[in-house]
Each structure stands twice: as C-alpha cells, then as structure tokens.
>>> print(open('input-v9.tsv').read())   # TSV, C-alpha atoms
chain	number	residue	atom	x	y	z
A	248	PHE	CA	129.76	93.47	246.90
A	249	GLU	CA	129.65	90.17	248.76
A	250	LYS	CA	126.85	87.72	247.88
A	251	ILE	CA	124.90	88.52	251.03
A	252	ASP	CA	125.10	92.26	250.26
A	253	ILE	CA	123.70	91.72	246.76
A	254	LEU	CA	120.96	89.51	248.19
A	255	LEU	CA	119.92	92.18	250.69
A	256	ILE	CA	119.72	94.81	247.93
A	257	ILE	CA	117.43	92.50	245.95
A	258	LEU	CA	115.32	91.73	249.02
A	259	ALA	CA	114.79	95.43	249.67
A	260	LEU	CA	113.10	95.72	246.24
A	261	VAL	CA	110.87	92.65	246.55
A	262	PRO	CA	107.53	92.57	248.45
A	263	ILE	CA	107.78	90.54	251.65
A	264	THR	CA	106.07	87.15	251.68
A	265	VAL	CA	106.70	84.31	254.12
A	266	ARG	CA	106.15	80.85	252.70
A	267	VAL	CA	107.37	78.75	255.61
A	268	LYS	CA	104.95	77.87	258.41
A	269	LEU	CA	106.38	80.25	260.97
A	270	GLY	CA	105.91	80.36	264.71
A	271	VAL	CA	106.66	83.76	266.24
A	272	VAL	CA	107.83	83.48	269.87
A	273	LEU	CA	108.01	86.63	271.99
A	274	LEU	CA	110.20	86.05	275.05
A	275	ALA	CA	108.45	88.20	277.65
A	276	ALA	CA	109.22	86.44	280.93
A	277	GLY	CA	112.00	87.24	283.38
A	278	LYS	CA	112.83	88.98	286.62
A	279	SER	CA	114.07	92.36	285.30
A	280	ARG	CA	116.61	92.44	288.15
A	281	ARG	CA	118.60	95.38	286.78
A	282	PHE	CA	115.50	97.49	286.16
A	283	GLY	CA	114.33	97.59	289.76
A	284	ARG	CA	111.12	96.39	291.37
A	285	GLU	CA	108.85	97.15	288.41
A	286	ASN	CA	108.53	94.80	285.44
A	287	LYS	CA	110.58	96.60	282.79
A	288	LEU	CA	108.21	95.50	280.03
A	289	LEU	CA	105.55	97.75	281.56
A	290	ALA	CA	107.86	100.78	281.57
A	291	LEU	CA	106.93	103.48	279.09
A	292	TYR	CA	108.79	104.16	275.85
A	293	HIS	CA	107.43	107.22	274.03
A	294	GLY	CA	104.21	106.97	276.02
A	295	ARG	CA	103.56	103.25	275.54
A	296	SER	CA	104.81	100.21	277.43
A	297	MET	CA	107.70	98.26	275.98
A	298	ILE	CA	105.54	95.15	275.78
A	299	ALA	CA	102.97	97.08	273.74
A	300	HIS	CA	105.69	98.06	271.25
A	301	ALA	CA	106.87	94.44	271.01
A	302	LEU	CA	103.38	93.02	270.54
A	303	GLU	CA	102.59	95.54	267.80
A	304	THR	CA	105.88	94.98	265.98
A	305	LEU	CA	105.66	91.18	265.97
A	306	GLY	CA	101.93	91.31	265.36
A	307	ARG	CA	102.57	92.74	261.89
A	308	LEU	CA	104.50	89.66	260.75
A	309	PRO	CA	102.82	87.03	258.57
A	310	CYS	CA	102.94	83.76	260.52
A	311	ALA	CA	101.02	80.62	261.44
A	312	ARG	CA	101.14	81.16	265.20
A	313	ARG	CA	102.06	83.93	267.64
A	314	ILE	CA	103.21	82.91	271.10
A	315	ALA	CA	104.19	85.05	274.07
A	316	VAL	CA	106.06	83.38	276.92
A	317	VAL	CA	105.12	85.39	280.01
A	318	SER	CA	105.53	85.43	283.80
A	319	ASP	CA	103.45	88.50	284.71
A	320	GLU	CA	99.64	88.48	284.63
A	321	ARG	CA	99.56	92.05	283.32
A	322	VAL	CA	101.82	91.16	280.41
A	323	ASP	CA	99.72	88.02	279.89
A	324	ALA	CA	96.55	90.10	279.56
A	325	LEU	CA	98.12	92.53	277.08
A	326	ALA	CA	99.49	89.68	274.95
A	327	LYS	CA	96.12	87.93	274.79
A	328	GLU	CA	94.44	91.21	273.86
A	329	ALA	CA	96.91	91.53	270.97
A	330	GLY	CA	96.00	88.06	269.68
A	331	PHE	CA	98.96	86.11	271.02
A	332	GLN	CA	98.72	82.65	272.53
A	333	THR	CA	100.30	82.97	275.96
A	334	VAL	CA	102.42	80.37	277.74
A	335	LEU	CA	103.16	80.82	281.43
A	336	ASN	CA	106.75	80.48	282.58
A	337	ASP	CA	106.40	79.93	286.32
A	338	GLU	CA	110.02	78.84	286.67
A	339	VAL	CA	111.87	81.95	285.53
A	340	GLU	CA	114.73	81.05	287.86
A	341	ARG	CA	115.65	78.35	285.33
A	342	GLY	CA	116.79	81.11	283.00
A	343	LEU	CA	116.18	82.22	279.43
A	344	SER	CA	116.61	78.69	278.09
A	345	HIS	CA	113.39	77.60	279.80
A	346	SER	CA	111.41	80.34	278.04
A	347	ILE	CA	112.91	79.19	274.74
A	348	HIS	CA	111.89	75.60	275.51
A	349	LEU	CA	108.30	76.68	276.22
A	350	GLY	CA	108.11	78.71	273.03
A	351	VAL	CA	109.48	75.98	270.78
A	352	LYS	CA	107.31	73.28	272.37
A	353	ASN	CA	104.20	75.35	271.74
A	354	ALA	CA	105.06	76.18	268.13
A	355	GLY	CA	103.09	73.15	266.94
A	356	ASP	CA	104.03	71.91	263.48
A	357	ALA	CA	105.91	75.08	262.51
A	358	ASP	CA	108.68	74.80	259.93
A	359	ALA	CA	110.63	77.53	261.71
A	360	VAL	CA	110.46	79.72	264.81
A	361	LEU	CA	111.40	83.35	265.28
A	362	LEU	CA	112.70	84.02	268.79
A	363	CYS	CA	112.58	87.65	269.90
A	364	ALA	CA	113.14	89.31	273.27
A	365	ALA	CA	110.50	91.82	274.33
A	366	ASP	CA	112.89	94.53	275.60
A	367	LEU	CA	113.91	95.94	272.21
A	368	PRO	CA	111.61	98.97	271.91
A	369	LYS	CA	113.32	100.34	268.77
A	370	LEU	CA	113.06	97.08	266.80
A	371	SER	CA	111.10	97.54	263.56
A	372	SER	CA	108.86	95.14	261.70
A	373	GLU	CA	110.75	96.13	258.54
A	374	SER	CA	113.97	94.67	259.93
A	375	LEU	CA	112.15	91.50	260.99
A	376	GLU	CA	110.63	91.14	257.53
A	377	ARG	CA	114.09	91.57	256.01
A	378	LEU	CA	115.38	88.83	258.34
A	379	LEU	CA	112.61	86.38	257.44
A	380	HIS	CA	113.00	86.97	253.72
A	381	ALA	CA	116.76	86.44	253.88
A	382	PHE	CA	116.20	83.25	255.89
A	383	GLU	CA	113.91	81.87	253.19
A	384	GLN	CA	115.93	83.01	250.19
A	385	THR	CA	119.24	81.63	251.46
A	386	GLY	CA	117.85	78.30	252.66
A	387	ALA	CA	119.83	78.71	255.87
A	388	ARG	CA	119.05	76.68	258.99
A	389	ALA	CA	119.36	79.85	261.08
A	390	ALA	CA	119.56	83.62	260.63
A	391	CYS	CA	119.68	86.65	262.91
A	392	LEU	CA	119.65	90.43	262.85
A	393	THR	CA	122.80	92.46	263.37
A	394	ASP	CA	123.40	96.05	264.41
A	395	GLY	CA	127.09	96.87	264.40
A	396	GLU	CA	128.72	94.48	266.84
A	397	ILE	CA	125.38	93.40	268.34
A	398	TRP	CA	123.87	90.22	266.92
A	399	GLY	CA	121.96	87.08	267.87
A	400	ASN	CA	118.55	88.40	268.89
A	401	PRO	CA	116.08	88.30	267.22
A	402	ALA	CA	116.84	85.07	265.38
A	403	VAL	CA	114.95	82.57	263.27
A	404	PHE	CA	115.62	78.82	263.31
A	405	SER	CA	114.44	76.04	261.02
A	406	ALA	CA	112.83	72.93	262.50
A	407	ALA	CA	116.18	71.18	262.03
A	408	CYS	CA	117.44	73.25	264.99
A	409	PHE	CA	114.53	72.59	267.36
A	410	ASP	CA	116.23	69.73	269.21
A	411	GLU	CA	119.28	71.90	269.82
A	412	LEU	CA	117.07	74.71	271.12
A	413	LEU	CA	115.42	72.28	273.54
A	414	GLU	CA	118.83	71.22	274.85
A	415	LEU	CA	119.83	74.74	275.93
A	416	THR	CA	120.29	75.18	279.66
A	417	GLY	CA	120.54	78.05	282.13
A	418	ASP	CA	120.29	81.75	281.44
A	419	ARG	CA	121.87	81.76	278.00
A	420	GLY	CA	120.24	82.29	274.68
A	421	ALA	CA	120.76	80.51	271.40
A	422	LYS	CA	123.88	82.32	270.17
A	423	CYS	CA	125.89	79.10	270.45
A	424	ILE	CA	123.54	77.48	267.95
A	425	LEU	CA	123.77	80.47	265.61
A	426	MET	CA	127.55	80.14	265.66
A	427	LYS	CA	127.44	76.40	265.06
A	428	GLU	CA	125.01	76.78	262.18
A	429	LYS	CA	126.99	79.68	260.66
A	430	ALA	CA	123.79	81.71	260.72
A	431	VAL	CA	123.11	84.31	258.06
A	432	ARG	CA	123.50	87.76	259.65
A	433	VAL	CA	121.12	90.38	258.34
A	434	PRO	CA	121.66	94.10	259.07
A	435	CYS	CA	118.82	96.03	260.68
A	436	VAL	CA	117.16	98.78	258.66
A	437	LEU	CA	118.15	101.42	261.25
A	438	SER	CA	121.03	101.63	263.68
A	439	GLY	CA	120.21	101.14	267.35
A	440	GLU	CA	117.33	98.72	266.79
A	441	LEU	CA	118.96	95.97	268.87
A	442	SER	CA	119.75	98.15	271.88
A	443	ASP	CA	117.92	96.66	274.85
A	444	ALA	CA	116.56	98.50	277.88
A	445	ASP	CA	117.88	96.64	280.91
A	446	THR	CA	117.87	99.70	283.20
A	447	PRO	CA	115.72	102.87	283.51
A	448	GLN	CA	118.76	104.89	282.41
A	449	ALA	CA	119.20	102.78	279.28
A	450	LEU	CA	115.52	103.21	278.40
A	451	CYS	CA	115.81	106.98	278.82
A	452	CYS	CA	118.82	107.06	276.47
A	453	LEU	CA	116.98	104.99	273.86
A	454	GLU	CA	114.11	107.48	273.83
A	455	LYS	CA	116.54	110.24	272.90
A	456	GLU	CA	118.35	108.36	270.15
A	457	ILE	CA	117.51	108.76	266.48
A	458	GLY	CA	118.39	105.75	264.35
A	459	GLN	CA	120.33	106.15	261.10
A	460	LYS	CA	119.84	103.95	258.06
A	461	THR	CA	122.43	101.17	257.89
A	462	GLU	CA	124.49	100.55	254.81
>>> encode(input="input-v9.tsv", output="structure tokens")
Amino acid sequence: FEKIDILLIILALVPITVRVKLGVVLLAAGKSRRFGRENKLLALYHGRSMIAHALETLGRLPCARRIAVVSDERVDALAKEAGFQTVLNDEVERGLSHSIHLGVKNAGDADAVLLCAADLPKLSSESLERLLHAFEQTGARAACLTDGEIWGNPAVFSAACFDELLELTGDRGAKCILMKEKAVRVPCVLSGELSDADTPQALCCLEKEIGQKTE
C-alpha cells in the first residue's frame, strides 16, 4: 500500500471530527446554459431538487460557517431555510471565479474553506467527511475528492491558499491551485459521486446509476 492508502484505511475506522475552523461554501450561482431555460438546481433528482440534495449533504458537515453563493431568489430562499448564509452573485457573467471570490471573502476568520458545486446530486456527506479528515491528518494546504479520472471538485483549501483563490479569473475553478499545491486526492466512498448534471439527459442517467464502493 502507498502511504495515502494506509491513511485512508485508518480514517475509515476513526470517528470524524473537524478541528479546523471550517467555512463551507456551496457554489450555487450560474446560468445553467446547457440545461435549458430552467435553473438546473431546481430540477428534480429522485423527487427532490438538486439544490435540496446539496444543502442537506453539506448541512451535515461540522463547520463554523455555511455559505451559499446564489443568483436565483428561489435557491436563495431554500438555502436560507436550510440555515445557510446566502451571498448574492449578481455578476454571474464574470464566471465561476467570481462565485469563489464571494465565498472566500465571506468565510470570515476560517482556517480553511470547502468549495463545492451544487450540481453533484450523488455526492455523499461520507465522502466529504473523508476528505476533511484526510485534509487535517495530512496537514496539506489543499485536498480534493476523486472518482476515477474526475477530480478537483469538491476541494478544501487552507487559509494559506486564500489569496490565490481570490486571484482566479474567468469561468475556471481552482484546479490550477490544486495542481500547484500538489493537493491530496481522496477517493469518494462510491463511484459516480462526482458526476455532474449539466443537461436533463445527464440528470436522467444519474438517477438510473447505482454507485459501487471504491477500492
């Protein structure tokens, strides 16, 4: 086994606690261009909206602050109802980087931030807990979940990376920072958790899939 494999085996046997002052940032703003006219986060996945799944999943995590960056008043209302502080992104044309800026700036005195897109309906709180525990135990500046060849979102960054996050521009995420920081990559509990739902067809396929435990 590699060191990271041994660490993950140990982590699976240890109760999850988060000691860092964590800010959870749900990235729930955007134009959903590929999904059609409707906001994709309001589309149903197994009878509930995607945003409801995301709010419930992230709401289970122990943290100091929960923030949802939103651009739709309906999503805003659902996030507030779930106990999230909402931040309005009224300049979605500036791209994903602007949502990241808003989330980090509103994280207060957090020691680290977890950035997570809201269009991952199969994402589990167990995988997120595994990610946070690995981040703490390794002392890394950054860590992210992986699912096969998919990686980079969700990701957690220490405060040492905040300036770099605030320098991102355009419609790109923080993968460049993860690469620079040689981020710890943590496998999801089940396969398919990082499959996003950018189109109605993709969402339909996700509903039919059954995840398998990863190695």
>>> residues_around(input="input-v9.tsv", residues="A:Ala276", least_positions_apart="6", cutoff="8 Å", atoms="all atoms listed in the file", output="PyMOL selection string")
chain A and resi 316-319+336+339+346
>>> atom_distance(input="input-v9.tsv", atom1="atom CA of A:Ile347", atom2="atom CA of A:Leu367")
17.0 Å
>>> closest_residue(input="input-v9.tsv", among="A:Pro368, A:Thr416, A:Arg307, A:Arg266", to="A:Phe382", atoms="all atoms listed in the file")
A:Arg266
>>> closest_residue(input="input-v9.tsv", among="A:Leu378, A:Ala364, A:Glu373, A:Ala387", to="A:Ala407", atoms="all atoms listed in the file")
A:Ala387
>>> atom_distance(input="input-v9.tsv", atom1="atom CA of A:Trp398", atom2="atom CA of A:Ser374")
12.9 Å
>>> residues_around(input="input-v9.tsv", residues="A:Ala357", least_positions_apart="3", cutoff="8 Å", atoms="only C-alpha atoms", output="list in words")
Val267, Lys268, Leu269, Gly270, Ala311, Ala354, Val360 and Ala406 of chain A
>>> write_last_selection(input="input-v9.tsv", atoms="C-alpha atoms", output="JSON list (two decimals), in the coordinates of the input")
[["chain", "number", "residue", "atom", "x", "y", "z"],
["A", 267, "VAL", "CA", 107.37, 78.75, 255.61],
["A", 268, "LYS", "CA", 104.95, 77.87, 258.41],
["A", 269, "LEU", "CA", 106.38, 80.25, 260.97],
["A", 270, "GLY", "CA", 105.91, 80.36, 264.71],
["A", 311, "ALA", "CA", 101.02, 80.62, 261.44],
["A", 354, "ALA", "CA", 105.06, 76.18, 268.13],
["A", 360, "VAL", "CA", 110.46, 79.72, 264.81],
["A", 406, "ALA", "CA", 112.83, 72.93, 262.50]]
>>> closest_residue(input="input-v9.tsv", among="A:Ala301, A:Cys363, A:Val431, A:Cys408", to="A:Ala326", atoms="all atoms listed in the file")
A:Ala301
>>> residues_around(input="input-v9.tsv", residues="A:Ile397", least_positions_apart="5", cutoff="9 Å", atoms="all atoms listed in the file", output="PyMOL selection string")
chain A and resi 392+441-442
>>> atom_distance(input="input-v9.tsv", atom1="atom CA of A:Val334", atom2="atom CA of A:Glu303")
18.1 Å
>>> residues_around(input="input-v9.tsv", residues="A:Val271", least_positions_apart="4", cutoff="7 Å", atoms="all atoms listed in the file", output="list in words")
Cys310, Arg312, Arg313, Ile314, Val360, Leu361 and Leu362 of chain A
>>> closest_residue(input="input-v9.tsv", among="A:Ala365, A:Ala402, A:Met297, A:Leu289", to="A:Ala389", atoms="only C-alpha atoms")
A:Ala402
